[in-house]
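For reference, input.csv (CSV, C-alpha atoms and all ligand atoms):
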chain,number,residue,atom,x,y,z
A,1,MET,CA,168.7,-181.3,36.8
A,2,THR,CA,167.4,-184.7,36.0
A,3,ALA,CA,170.0,-187.4,35.3
A,4,LEU,CA,170.1,-188.8,31.8
A,5,PRO,CA,169.9,-192.5,31.5
A,6,LEU,CA,173.3,-194.0,30.8
A,7,VAL,CA,172.1,-196.2,28.0
A,8,PHE,CA,169.4,-195.1,25.8
A,9,GLU,CA,168.4,-197.9,23.5
A,10,ALA,CA,166.6,-196.5,20.4
A,11,PRO,CA,164.4,-199.1,18.7
A,12,LYS,CA,166.1,-200.3,15.5
A,13,ARG,CA,163.0,-200.8,13.3
A,14,VAL,CA,164.6,-203.1,10.9
A,15,ALA,CA,162.1,-205.0,8.8
A,16,PRO,CA,161.9,-208.7,10.0
A,17,PRO,CA,163.6,-211.3,7.8
A,18,ARG,CA,161.5,-212.9,5.1
A,19,HIS,CA,159.5,-215.8,6.3
A,20,LEU,CA,157.4,-218.5,4.6
A,21,ALA,CA,154.2,-216.9,5.9
A,22,ASP,CA,155.0,-213.6,4.1
A,23,LEU,CA,154.7,-215.4,0.8
A,24,ASP,CA,151.7,-216.5,-1.3
A,25,PRO,CA,151.9,-220.0,-2.8
A,26,ALA,CA,153.6,-218.8,-6.1
A,27,GLU,CA,156.1,-216.7,-4.1
A,28,ARG,CA,156.9,-219.7,-1.9
A,29,ARG,CA,157.7,-221.9,-4.9
A,30,ALA,CA,159.9,-219.1,-6.3
A,31,ALA,CA,161.7,-218.7,-3.0
A,32,VAL,CA,162.3,-222.5,-2.8
A,33,GLY,CA,163.6,-222.4,-6.3
A,34,GLU,CA,166.1,-219.7,-5.3
A,35,LEU,CA,167.4,-222.1,-2.8
A,36,GLY,CA,168.0,-224.6,-5.5
A,37,LEU,CA,165.1,-226.9,-4.6
A,38,PRO,CA,162.2,-228.2,-6.7
A,39,GLY,CA,158.9,-226.3,-6.2
A,40,PHE,CA,157.1,-229.3,-4.5
A,41,ARG,CA,159.4,-228.7,-1.5
A,42,ALA,CA,157.5,-225.5,-1.0
A,43,ASP,CA,154.2,-227.4,-0.8
A,44,GLN,CA,155.8,-229.9,1.7
A,45,LEU,CA,157.0,-227.1,3.8
A,46,ALA,CA,153.6,-225.4,3.8
A,47,ARG,CA,151.9,-228.6,4.8
A,48,HIS,CA,154.1,-228.7,7.9
A,49,TYR,CA,153.7,-225.1,8.7
A,50,PHE,CA,150.1,-224.3,7.9
A,51,GLY,CA,148.6,-227.8,8.1
A,52,ARG,CA,150.4,-229.1,11.3
A,53,PHE,CA,151.5,-225.7,12.8
A,54,THR,CA,155.1,-226.9,12.8
A,55,ALA,CA,157.9,-224.3,12.3
A,56,ASP,CA,160.7,-226.6,13.5
A,57,VAL,CA,162.6,-227.8,10.4
A,58,ASP,CA,164.3,-230.6,12.3
A,59,ALA,CA,160.9,-232.2,12.9
A,60,MET,CA,160.1,-232.4,9.2
A,61,THR,CA,161.7,-235.8,8.8
A,62,ASP,CA,160.0,-236.6,5.5
A,63,LEU,CA,162.3,-234.0,3.9
A,64,PRO,CA,165.9,-235.0,3.1
A,65,ALA,CA,168.4,-233.5,5.6
A,66,ALA,CA,170.1,-231.4,2.9
A,67,ALA,CA,166.8,-229.8,1.9
A,68,ARG,CA,165.9,-229.2,5.5
A,69,GLU,CA,169.1,-227.2,5.9
A,70,ARG,CA,168.3,-225.0,3.0
A,71,LEU,CA,164.7,-224.5,3.9
A,72,ARG,CA,165.6,-223.4,7.4
A,73,SER,CA,166.2,-219.9,6.0
A,74,LEU,CA,162.5,-219.6,5.2
A,75,LEU,CA,161.5,-220.2,8.8
A,76,PRO,CA,163.5,-217.6,10.8
A,77,PRO,CA,162.4,-217.3,14.4
A,78,LEU,CA,160.3,-214.1,14.5
A,79,VAL,CA,158.1,-214.3,17.6
A,80,ASP,CA,159.9,-215.2,20.8
A,81,PRO,CA,157.5,-215.6,23.7
A,82,ILE,CA,159.1,-214.1,26.8
A,83,VAL,CA,156.2,-214.0,29.3
A,84,GLU,CA,153.1,-216.2,29.4
A,85,GLN,CA,150.3,-215.4,31.8
A,86,ALA,CA,146.9,-217.1,32.4
A,87,CYS,CA,143.7,-216.3,34.2
A,88,ASP,CA,140.0,-217.2,34.1
A,89,GLY,CA,140.9,-220.7,35.2
A,90,GLY,CA,143.3,-221.1,32.3
A,91,ALA,CA,140.7,-220.1,29.7
A,92,THR,CA,142.5,-216.8,29.0
A,93,ARG,CA,146.2,-216.8,28.2
A,94,LYS,CA,148.3,-213.8,27.3
A,95,THR,CA,151.7,-214.0,25.6
A,96,LEU,CA,154.2,-211.2,25.6
A,97,TRP,CA,156.6,-211.8,22.7
A,98,ARG,CA,159.7,-210.2,21.4
A,99,GLY,CA,160.5,-209.6,17.8
A,100,HIS,CA,163.9,-210.0,16.0
A,101,ASP,CA,164.7,-206.3,16.8
A,102,GLY,CA,163.6,-206.4,20.4
A,103,THR,CA,160.1,-205.0,19.6
A,104,ARG,CA,157.5,-206.2,22.0
A,105,ALA,CA,153.8,-207.1,21.3
A,106,GLU,CA,151.1,-209.2,22.8
A,107,SER,CA,148.6,-211.9,21.8
A,108,VAL,CA,145.7,-213.3,23.9
A,109,LEU,CA,144.2,-216.8,23.5
A,110,MET,CA,140.7,-217.3,24.9
A,111,GLY,CA,138.7,-220.6,25.2
A,112,TYR,CA,134.9,-220.6,25.2
A,113,PRO,CA,132.5,-223.6,25.4
A,114,ASP,CA,131.9,-223.4,21.6
A,115,ARG,CA,135.0,-221.8,20.2
A,116,ALA,CA,138.6,-220.7,20.7
A,117,THR,CA,139.7,-217.2,19.7
A,118,VAL,CA,143.0,-215.5,19.4
A,119,CYS,CA,143.3,-211.8,19.7
A,120,VAL,CA,146.4,-210.7,17.7
A,121,SER,CA,148.4,-207.5,17.4
A,122,SER,CA,148.9,-205.9,14.0
A,123,GLN,CA,151.4,-203.2,15.1
A,124,ALA,CA,153.9,-202.9,18.0
A,125,GLY,CA,152.2,-200.0,19.8
A,126,CYS,CA,149.6,-197.8,18.1
A,127,GLY,CA,149.6,-194.3,16.6
A,128,MET,CA,145.9,-193.6,17.0
A,129,ALA,CA,146.3,-192.1,20.5
A,130,CYS,CA,142.8,-192.9,22.0
A,131,PRO,CA,143.1,-191.6,25.5
A,132,PHE,CA,141.3,-194.5,27.2
A,133,CYS,CA,143.4,-197.2,25.6
A,134,ALA,CA,146.8,-198.3,27.2
A,135,THR,CA,148.3,-199.2,23.8
A,136,GLY,CA,147.5,-195.7,22.5
A,137,GLN,CA,149.5,-194.1,25.3
A,138,GLY,CA,152.9,-195.5,24.2
A,139,GLY,CA,152.7,-194.5,20.5
A,140,LEU,CA,153.6,-196.6,17.5
A,141,GLN,CA,156.9,-198.5,17.4
A,142,ARG,CA,156.4,-200.2,14.1
A,143,ASN,CA,154.2,-202.2,11.8
A,144,LEU,CA,154.3,-206.0,12.3
A,145,SER,CA,155.1,-208.0,9.2
A,146,THR,CA,152.6,-210.4,7.7
A,147,ALA,CA,154.6,-213.4,9.1
A,148,GLU,CA,154.7,-211.8,12.6
A,149,ILE,CA,150.9,-211.7,12.5
A,150,VAL,CA,150.5,-215.2,11.1
A,151,GLU,CA,153.0,-216.5,13.6
A,152,GLN,CA,150.8,-215.3,16.5
A,153,VAL,CA,147.9,-217.3,15.0
A,154,ARG,CA,149.9,-220.4,14.2
A,155,ARG,CA,151.3,-220.5,17.7
A,156,ALA,CA,147.8,-220.1,19.2
A,157,ALA,CA,146.4,-222.8,16.9
A,158,ALA,CA,149.2,-225.2,18.0
A,159,ALA,CA,148.8,-224.3,21.7
A,160,ALA,CA,145.0,-224.9,21.5
A,161,ARG,CA,145.5,-228.2,19.7
A,162,ASP,CA,148.1,-229.2,22.3
A,163,GLY,CA,145.7,-228.6,25.3
A,164,ALA,CA,146.6,-225.1,26.5
A,165,LEU,CA,142.9,-224.5,27.1
A,166,GLY,CA,142.3,-227.9,28.6
A,167,GLU,CA,140.9,-230.3,26.1
A,168,PRO,CA,142.6,-230.2,22.6
A,169,THR,CA,140.7,-227.4,20.8
A,170,ARG,CA,140.6,-226.2,17.2
A,171,LEU,CA,141.3,-222.5,16.9
A,172,SER,CA,138.1,-221.1,15.2
A,173,ASN,CA,138.4,-217.3,15.5
A,174,VAL,CA,141.0,-214.6,15.0
A,175,VAL,CA,140.3,-211.1,16.0
A,176,PHE,CA,142.5,-208.2,15.1
A,177,MET,CA,141.8,-206.4,18.4
A,178,GLY,CA,145.2,-206.6,20.0
A,179,MET,CA,147.8,-203.8,19.8
A,180,GLY,CA,147.7,-201.5,16.8
A,181,GLU,CA,145.4,-200.2,14.1
A,182,PRO,CA,145.1,-203.0,11.6
A,183,LEU,CA,143.9,-200.8,8.7
A,184,ALA,CA,147.0,-198.5,9.2
A,185,ASN,CA,149.1,-201.6,8.3
A,186,TYR,CA,146.7,-202.5,5.5
A,187,LYS,CA,148.9,-204.5,3.0
A,188,ARG,CA,150.4,-206.8,5.6
A,189,VAL,CA,147.2,-207.3,7.5
A,190,VAL,CA,145.3,-208.3,4.3
A,191,ALA,CA,148.1,-210.7,3.3
A,192,ALA,CA,147.9,-212.2,6.8
A,193,VAL,CA,144.1,-212.6,6.5
A,194,ARG,CA,144.7,-214.5,3.3
A,195,ARG,CA,147.2,-216.8,4.9
A,196,ILE,CA,144.9,-217.3,7.8
A,197,THR,CA,141.8,-218.1,5.7
A,198,GLU,CA,143.2,-220.0,2.7
A,199,PRO,CA,142.3,-223.7,3.1
A,200,ALA,CA,145.0,-225.9,4.6
A,201,PRO,CA,147.7,-226.8,3.7
A,202,SER,CA,148.1,-223.6,1.6
A,203,GLY,CA,146.9,-221.5,4.6
A,204,LEU,CA,145.7,-222.1,8.2
A,205,GLY,CA,142.1,-222.9,7.0
A,206,ILE,CA,140.2,-220.7,9.4
A,207,SER,CA,136.9,-219.5,8.0
A,208,ALA,CA,136.8,-215.9,7.0
A,209,ARG,CA,133.5,-215.7,9.0
A,210,GLY,CA,135.6,-216.4,12.1
A,211,VAL,CA,137.9,-213.4,11.4
A,212,THR,CA,137.2,-209.9,12.7
A,213,VAL,CA,139.2,-206.8,11.7
A,214,SER,CA,138.6,-203.9,14.2
A,215,THR,CA,139.3,-200.3,13.2
A,216,VAL,CA,139.0,-196.8,14.6
A,217,GLY,CA,137.3,-195.9,11.3
A,218,LEU,CA,139.9,-195.3,8.5
A,219,VAL,CA,137.2,-194.7,5.8
A,220,PRO,CA,139.2,-195.3,2.6
A,221,ALA,CA,140.8,-198.5,4.0
A,222,ILE,CA,137.3,-199.8,5.0
A,223,ASP,CA,136.2,-199.4,1.4
A,224,LYS,CA,139.3,-201.0,0.1
A,225,LEU,CA,138.8,-204.0,2.5
A,226,ALA,CA,135.2,-204.3,1.3
A,227,ALA,CA,136.5,-204.9,-2.3
A,228,GLU,CA,139.0,-207.6,-1.3
A,229,GLY,CA,136.5,-210.4,-1.6
A,230,LEU,CA,137.3,-211.5,1.9
A,231,PRO,CA,134.1,-211.8,3.9
A,232,VAL,CA,135.7,-211.0,7.3
A,233,THR,CA,133.7,-209.2,10.0
A,234,LEU,CA,134.4,-205.5,10.3
A,235,ALA,CA,134.3,-204.0,13.8
A,236,VAL,CA,134.2,-200.2,14.1
A,237,SER,CA,135.3,-198.6,17.4
A,238,LEU,CA,132.8,-195.8,17.6
A,239,HIS,CA,132.5,-195.1,21.3
A,240,THR,CA,130.1,-192.2,20.9
A,241,PRO,CA,127.6,-191.1,18.3
A,242,ASP,CA,128.5,-187.4,18.4
A,243,ASP,CA,131.5,-185.8,16.7
A,244,GLU,CA,132.2,-183.4,19.5
A,245,LEU,CA,133.1,-186.1,22.0
A,246,ARG,CA,134.4,-188.5,19.4
A,247,ASP,CA,137.0,-185.9,18.3
A,248,THR,CA,138.6,-186.4,21.7
A,249,LEU,CA,137.9,-190.1,22.4
A,250,VAL,CA,139.0,-191.3,19.0
A,251,PRO,CA,141.3,-188.5,17.6
A,252,VAL,CA,141.1,-189.8,14.0
A,253,ASN,CA,137.5,-188.5,14.1
A,254,ASN,CA,139.0,-185.1,13.3
A,255,ARG,CA,139.7,-186.6,9.9
A,256,TRP,CA,136.7,-188.9,9.3
A,257,LYS,CA,133.5,-187.9,11.0
A,258,VAL,CA,130.8,-190.2,12.6
A,259,SER,CA,128.5,-189.9,9.5
A,260,GLU,CA,131.4,-190.8,7.1
A,261,VAL,CA,132.4,-193.8,9.3
A,262,LEU,CA,128.8,-195.0,9.4
A,263,ALA,CA,128.3,-194.6,5.7
A,264,ALA,CA,131.5,-196.7,5.2
A,265,ALA,CA,130.1,-199.3,7.6
A,266,ARG,CA,126.9,-199.5,5.6
A,267,ARG,CA,128.9,-200.0,2.3
A,268,TYR,CA,131.0,-202.7,3.9
A,269,ALA,CA,127.9,-204.6,5.1
A,270,GLN,CA,126.3,-204.2,1.7
A,271,ALA,CA,129.4,-205.4,-0.2
A,272,THR,CA,130.2,-208.4,2.0
A,273,GLY,CA,126.8,-209.4,3.4
A,274,ARG,CA,128.4,-209.4,6.9
A,275,ARG,CA,126.9,-207.5,9.8
A,276,VAL,CA,129.2,-204.8,11.1
A,277,SER,CA,130.0,-204.7,14.8
A,278,ILE,CA,130.0,-201.3,16.5
A,279,GLU,CA,132.4,-201.3,19.5
A,280,TYR,CA,131.4,-199.0,22.3
A,281,ALA,CA,133.5,-198.9,25.5
A,282,LEU,CA,131.1,-197.6,28.2
A,283,ILE,CA,132.8,-194.9,30.3
A,284,ARG,CA,131.0,-193.5,33.4
A,285,ASP,CA,129.7,-190.0,32.9
A,286,VAL,CA,131.7,-189.6,29.7
A,287,ASN,CA,129.7,-191.5,27.0
A,288,ASP,CA,127.1,-193.5,28.9
A,289,HIS,CA,124.2,-190.9,28.9
A,290,PRO,CA,120.7,-192.0,27.9
A,291,TRP,CA,120.6,-189.4,25.1
A,292,ARG,CA,123.7,-190.9,23.6
A,293,ALA,CA,122.2,-194.3,23.6
A,294,ASP,CA,119.1,-192.9,21.8
A,295,LEU,CA,121.2,-191.0,19.3
A,296,LEU,CA,123.4,-194.1,18.7
A,297,GLY,CA,120.3,-196.3,18.1
A,298,LYS,CA,118.7,-193.7,15.8
A,299,LEU,CA,121.9,-193.1,13.7
A,300,LEU,CA,122.6,-196.8,13.3
A,301,ARG,CA,119.0,-197.5,12.3
A,302,GLN,CA,118.9,-194.6,9.8
A,303,GLN,CA,122.4,-194.6,8.4
A,304,VAL,CA,123.5,-198.3,8.5
A,305,GLY,CA,120.2,-200.3,8.8
A,306,THR,CA,119.1,-202.5,11.7
A,307,LYS,CA,119.9,-205.7,9.8
A,308,ARG,CA,123.4,-204.6,9.0
A,309,VAL,CA,124.7,-203.8,12.4
A,310,HIS,CA,125.2,-205.0,16.0
A,311,VAL,CA,126.4,-203.0,19.0
A,312,ASN,CA,129.0,-204.5,21.3
A,313,LEU,CA,129.3,-202.7,24.5
A,314,ILE,CA,132.6,-203.1,26.4
A,315,PRO,CA,132.6,-202.1,30.1
A,316,LEU,CA,135.6,-199.9,30.3
A,317,ASN,CA,138.7,-201.8,31.4
A,318,PRO,CA,141.0,-199.9,33.8
A,319,THR,CA,144.3,-198.6,32.3
A,320,PRO,CA,147.3,-197.2,34.2
A,321,GLY,CA,147.0,-193.5,35.1
A,322,SER,CA,143.5,-193.1,33.8
A,323,GLN,CA,140.8,-191.4,35.8
A,324,TRP,CA,138.0,-193.1,33.9
A,325,ASP,CA,135.8,-195.9,35.1
A,326,ALA,CA,133.3,-198.3,33.8
A,327,SER,CA,129.6,-197.3,34.1
A,328,PRO,CA,127.5,-198.6,36.9
A,329,LEU,CA,125.4,-201.7,36.0
A,330,HIS,CA,122.1,-199.9,36.0
A,331,VAL,CA,123.4,-197.3,33.6
A,332,GLN,CA,124.8,-200.0,31.3
A,333,GLU,CA,121.5,-201.8,31.4
A,334,GLU,CA,119.5,-198.7,30.5
A,335,PHE,CA,122.0,-198.0,27.6
A,336,VAL,CA,121.4,-201.5,26.2
A,337,ALA,CA,117.6,-201.2,26.5
A,338,ARG,CA,117.6,-197.8,24.7
A,339,VAL,CA,119.7,-199.1,21.8
A,340,ARG,CA,117.5,-202.1,21.5
A,341,ALA,CA,114.4,-199.9,21.6
A,342,ALA,CA,115.7,-198.4,18.3
A,343,GLY,CA,115.6,-201.9,16.8
A,344,VAL,CA,119.4,-202.3,16.9
A,345,ALA,CA,120.9,-205.5,18.3
A,346,CYS,CA,123.0,-204.8,21.3
A,347,THR,CA,125.0,-207.1,23.6
A,348,VAL,CA,127.6,-206.6,26.4
A,349,ARG,CA,131.0,-208.1,25.8
A,350,ASP,CA,132.2,-210.7,28.2
A,351,THR,CA,135.4,-209.1,29.4
A,352,ARG,CA,138.3,-211.5,29.7
A,353,GLY,CA,141.8,-211.2,31.2
A,354,ARG,CA,141.5,-208.1,33.4
A,355,GLU,CA,143.7,-209.5,36.1
A,356,ILE,CA,146.6,-210.1,33.7
A,357,ALA,CA,146.0,-206.8,31.8
A,358,ALA,CA,145.0,-208.8,28.8
A,359,ALA,CA,141.5,-207.2,28.3
A,360,CYS,CA,140.5,-204.8,25.6
A,361,GLY,CA,142.6,-201.6,25.8
A,362,GLN,CA,145.0,-203.0,28.3
A,363,LEU,CA,147.8,-204.3,26.1
A,364,ALA,CA,150.9,-202.3,26.8
A,365,ALA,CA,153.6,-205.0,26.3
A,366,SER,CA,155.1,-204.4,29.8
A,367,GLU,CA,156.9,-207.1,31.5
A,368,VAL,CA,155.5,-206.6,35.0
B,401,LIG,N1,142.8,-200.0,16.7
B,401,LIG,C1,141.7,-201.0,16.5
B,401,LIG,C2,142.0,-202.3,17.1
B,401,LIG,C3,142.1,-202.4,18.6
B,401,LIG,S1,140.7,-203.3,19.1
B,401,LIG,C4,140.4,-200.4,17.1
B,401,LIG,O1,140.5,-199.4,17.9
B,401,LIG,O2,139.4,-200.9,16.8
B,401,LIG,C5,140.6,-202.9,20.8
B,401,LIG,C6,139.2,-202.5,21.2
B,401,LIG,O3,139.2,-202.2,22.6
B,401,LIG,C7,138.8,-201.3,20.5
B,401,LIG,O4,137.4,-201.3,20.2
B,401,LIG,C8,139.1,-200.2,21.5
B,401,LIG,O5,138.4,-199.0,21.3
B,401,LIG,C9,138.7,-200.9,22.8
B,401,LIG,N2,139.3,-200.4,24.0
B,401,LIG,C10,140.4,-199.6,24.1
B,401,LIG,N3,140.7,-199.3,25.4
B,401,LIG,C11,139.7,-199.9,26.1
B,401,LIG,C12,139.4,-199.9,27.5
B,401,LIG,N4,140.2,-199.3,28.3
B,401,LIG,N5,138.3,-200.6,27.9
B,401,LIG,C13,137.5,-201.2,27.0
B,401,LIG,N6,137.8,-201.2,25.7
B,401,LIG,C14,138.8,-200.6,25.2
What would the structure in this file look like if it were written as structure tokens?
Ligand code: SAH
Amino acid sequence: MTALPLVFEAPKRVAPPRHLADLDPAERRAAVGELGLPGFRADQLARHYFGRFTADVDAMTDLPAAARERLRSLLPPLVDPIVEQACDGGATRKTLWRGHDGTRAESVLMGYPDRATVCVSSQAGCGMACPFCATGQGGLQRNLSTAEIVEQVRRAAAAARDGALGEPTRLSNVVFMGMGEPLANYKRVVAAVRRITEPAPSGLGISARGVTVSTVGLVPAIDKLAAEGLPVTLAVSLHTPDDELRDTLVPVNNRWKVSEVLAAARRYAQATGRRVSIEYALIRDVNDHPWRADLLGKLLRQQVGTKRVHVNLIPLNPTPGSQWDASPLHVQEEFVARVRAAGVACTVRDTRGREIAAACGQLAASEV
């Protein structure tokens, strides 16, 4: 008989407390009014939070002490960093953070010569169960709130400004490619995108062109996103062009097939004018065959259009307990050449953060 653990701590899943970043400008003014303060205090608070990345009420010395005390309730600590790890000479930095209820999630800040990108989580865990992804193995704990998502970005913007990547750097890009399926947490993710892209000081002022939302292919949500008037880049995790294999690699394919996902990608590109990115983790002897490269190129050309799409190959990153491997370089090169031969743009993603389990598909929020 196996011994039962003495203490079994079930996750509480209590919604996080309300935070300034959950609210749009009108809601902020109303919230400040409820605290008995004039509406302009909301704008002052937003200038500190979104414009200067400050969440410390005590540092807001232009506000009277009594107002600061009342406003404190709008900035509850939501994201508590518990482990920070760096690699790639300091250019990749992963933060494991804890939520108010003990939930854990991760964010990754990456510096490049021409930009700085933060990869954020939209859920604690993930319910999509893709077998090659470490996040998918642990299941879904809960949705992150809008403010928990915005807090990841604000903290990254402050860290980049304060020299975490070397020189003071402006955070230019946000990718929803951390833990979770962003379109399964639609409302909170879209509100977070609005906070991130609204011009400062009402929002963080990051260009929508610098924001990428990545999805396993939830078709109705892709169409909804296309109608939001937010020209963010859509990335679709396709991983194979045939339904038979995709049914197992990306289980949600049992609900929306490759052709439906590609049709949604086409509509998204047409509605937003943005090129859709097709993500393809190359797995040795699983999805790296020349015929799959040919089929991928052909389907994208015919069903999406060569001007509306770009393929991003990701050499498979190792995950605990997985038998799968990245493809050998010559196989990867042939795959790229075949996709390009169909007239479809194709590049290989520069993989960051493997040594600290911060690369695509490796986020598992473990402390070791
Ligand atoms: N759920 C969304 C957001 C996560 S993005 C989505 O799937 O798109 C993370 C990206 O990394 C996805 O494209 C995912 O398929 C890919 N990925 C997952 N596991 C990986 C691994 N082991 N190696 C390389 N890429 C992986």
> Within 12 Å of (152.7, -198.8, 27.1), only C-alpha atoms: residues as a ChimeraX atom specification?
Replying inline: /A:104-106,124-127,129,133-141,179-180,319-321,357,361-368
So that each row is one residue of chain A with an atom at most 7 Å from ligand LIG 401 (chain B), can you give its shortest atom pair and the distance in Å to one decimal, using all atoms listed in the file, rows by chain and rising number, as a Markdown table?
| residue | atom | partner | partner_atom | distance |
| --- | --- | --- | --- | --- |
| A:Phe132 | CA | B:LIG401 | N4 | 5.0 |
| A:Cys133 | CA | B:LIG401 | N3 | 3.4 |
| A:Ala134 | CA | B:LIG401 | N3 | 6.4 |
| A:Phe176 | CA | B:LIG401 | C2 | 6.2 |
| A:Met177 | CA | B:LIG401 | S1 | 3.4 |
| A:Gly178 | CA | B:LIG401 | C3 | 5.4 |
| A:Met179 | CA | B:LIG401 | C3 | 6.0 |
| A:Gly180 | CA | B:LIG401 | N1 | 5.1 |
| A:Glu181 | CA | B:LIG401 | N1 | 3.7 |
| A:Pro182 | CA | B:LIG401 | C1 | 6.3 |
| A:Ser214 | CA | B:LIG401 | O2 | 4.0 |
| A:Thr215 | CA | B:LIG401 | O2 | 3.7 |
| A:Val216 | CA | B:LIG401 | O1 | 4.5 |
| A:Ala235 | CA | B:LIG401 | O2 | 6.7 |
| A:Val236 | CA | B:LIG401 | O2 | 5.9 |
| A:Ser237 | CA | B:LIG401 | O4 | 4.4 |
| A:Glu279 | CA | B:LIG401 | O4 | 5.0 |
| A:Tyr280 | CA | B:LIG401 | O4 | 6.8 |
| A:Ala281 | CA | B:LIG401 | C13 | 4.9 |
| A:Ile314 | CA | B:LIG401 | C13 | 5.3 |
| A:Pro315 | CA | B:LIG401 | C13 | 5.9 |
| A:Leu316 | CA | B:LIG401 | N5 | 3.7 |
| A:Asn317 | CA | B:LIG401 | N5 | 3.7 |
| A:Pro318 | CA | B:LIG401 | N4 | 5.6 |
| A:Thr319 | CA | B:LIG401 | N4 | 5.8 |
| A:Cys360 | CA | B:LIG401 | O3 | 4.2 |
| A:Gly361 | CA | B:LIG401 | N3 | 3.0 |
| A:Gln362 | CA | B:LIG401 | N4 | 6.1 |
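The list of residues with at least one atom within 9 Å of Glu355 (chain A), based on all atoms listed in the file and without residues fewer than 3 positions apart in the same chain, reads Cys87, Asp88, Arg352, Ala358 and Ala359 of chain A.
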>> List the spatial neighbours of Asp24 (chain A) as JSON, numbers by chain - criterion: any atom at most 12 Å away, all atoms listed in the file, same-chain residues fewer than 3 positions off excluded.
In response: {"A": [19, 20, 21, 27, 28, 29, 30, 31, 42, 43, 46, 146, 147, 188, 190, 191, 192, 193, 194, 195, 196, 198, 202, 203]}
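Distances here use only C-alpha atoms; by that measure, the residue among A:Ala293, A:Val79, A:Ala66, A:Leu300 closest to Val150 (chain A) is A:Val79.
The spacing separating CA of Pro231 (chain A) from CA of Ser172 (chain A) amounts to 15.2 Å.
From CA of Gln303 (chain A) back to CA of His289 (chain A), the distance works out to 20.9 Å.
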>> Restricting the calculation to all atoms listed in the file: of A:Ala221, A:Val276, A:Leu299, A:Val14, which residue gets closest to Val311 (chain A)?
In response: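 The shortest atom-to-atom distance to Val311 (chain A) comes from A:Val276.
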>> Which residue is closest to Glu228 (chain A)? Choose from A:Ala55, A:Ala208, A:Arg349, A:Arg18 and count all atoms listed in the file.
In response: A:Ala208
> Could you state the separation of CA of Ala164 (chain A) and CA of Asp80 (chain A) in Å, given to one decimal place?
Replying inline: 17.5 Å
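For the set A:Arg142, A:Arg98, A:Arg354, A:Arg154, the residue with the smallest atom-to-atom gap to Gly51 (chain A) is A:Arg154, counting only C-alpha atoms.
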Counting all atoms listed in the file, write as a tab-separated table (two decimals) with C-alpha atoms, in the frame of the given file all protein and nucleic acid residues lying at most 9 Å from (133.8, -219.9, 17.1) in the file's frame.
chain	number	residue	atom	x	y	z
A	112	TYR	CA	134.90	-220.60	25.20
A	114	ASP	CA	131.90	-223.40	21.60
A	115	ARG	CA	135.00	-221.80	20.20
A	116	ALA	CA	138.60	-220.70	20.70
A	117	THR	CA	139.70	-217.20	19.70
A	171	LEU	CA	141.30	-222.50	16.90
A	172	SER	CA	138.10	-221.10	15.20
A	173	ASN	CA	138.40	-217.30	15.50
A	210	GLY	CA	135.60	-216.40	12.10
>> Neighbouring residues of region 256-265 of chain A were defined as those with any atom within 12 Å, considering all atoms listed in the file; residues of the same chain fewer than 3 positions away were excluded. Please report them as a PyMOL selection string.
In response: chain A and resi 214-226+233-248+250-253+268-278+295-296+299-305+308-310
Atoms are missing here; could region 125-135 of chain A be completed with N, CA and C atoms and written as an mmCIF file, in the frame of the given file?
data_model
loop_
_atom_site.group_PDB
_atom_site.id
_atom_site.type_symbol
_atom_site.label_atom_id
_atom_site.label_comp_id
_atom_site.auth_asym_id
_atom_site.auth_seq_id
_atom_site.Cartn_x
_atom_site.Cartn_y
_atom_site.Cartn_z
ATOM 1 N N GLY A 125 152.715 -201.324 19.430
ATOM 2 C CA GLY A 125 152.200 -200.000 19.800
ATOM 3 C C GLY A 125 151.080 -199.593 18.887
ATOM 4 N N CYS A 126 150.712 -198.312 18.942
ATOM 5 C CA CYS A 126 149.600 -197.800 18.100
ATOM 6 C C CYS A 126 149.739 -196.303 18.000
ATOM 7 N N GLY A 127 149.456 -195.780 16.822
ATOM 8 C CA GLY A 127 149.600 -194.300 16.600
ATOM 9 C C GLY A 127 148.271 -193.581 16.705
ATOM 10 N N MET A 128 147.184 -194.255 17.116
ATOM 11 C CA MET A 128 145.900 -193.600 17.000
ATOM 12 C C MET A 128 145.543 -192.760 18.283
ATOM 13 N N ALA A 129 146.296 -192.959 19.372
ATOM 14 C CA ALA A 129 146.300 -192.100 20.500
ATOM 15 C C ALA A 129 144.888 -191.926 21.220
ATOM 16 N N CYS A 130 144.070 -192.969 21.230
ATOM 17 C CA CYS A 130 142.800 -192.900 22.000
ATOM 18 C C CYS A 130 143.127 -192.842 23.462
ATOM 19 N N PRO A 131 142.617 -191.832 24.183
ATOM 20 C CA PRO A 131 143.100 -191.600 25.500
ATOM 21 C C PRO A 131 142.721 -192.651 26.576
ATOM 22 N N PHE A 132 141.735 -193.493 26.265
ATOM 23 C CA PHE A 132 141.300 -194.500 27.200
ATOM 24 C C PHE A 132 141.958 -195.851 27.029
ATOM 25 N N CYS A 133 142.829 -195.937 26.018
ATOM 26 C CA CYS A 133 143.400 -197.200 25.600
ATOM 27 C C CYS A 133 144.927 -197.209 26.010
ATOM 28 N N ALA A 134 145.375 -198.242 26.736
ATOM 29 C CA ALA A 134 146.800 -198.300 27.200
ATOM 30 C C ALA A 134 147.730 -198.347 25.996
ATOM 31 N N THR A 135 147.367 -199.074 24.948
ATOM 32 C CA THR A 135 148.300 -199.200 23.800
ATOM 33 C C THR A 135 148.501 -197.814 23.169
#
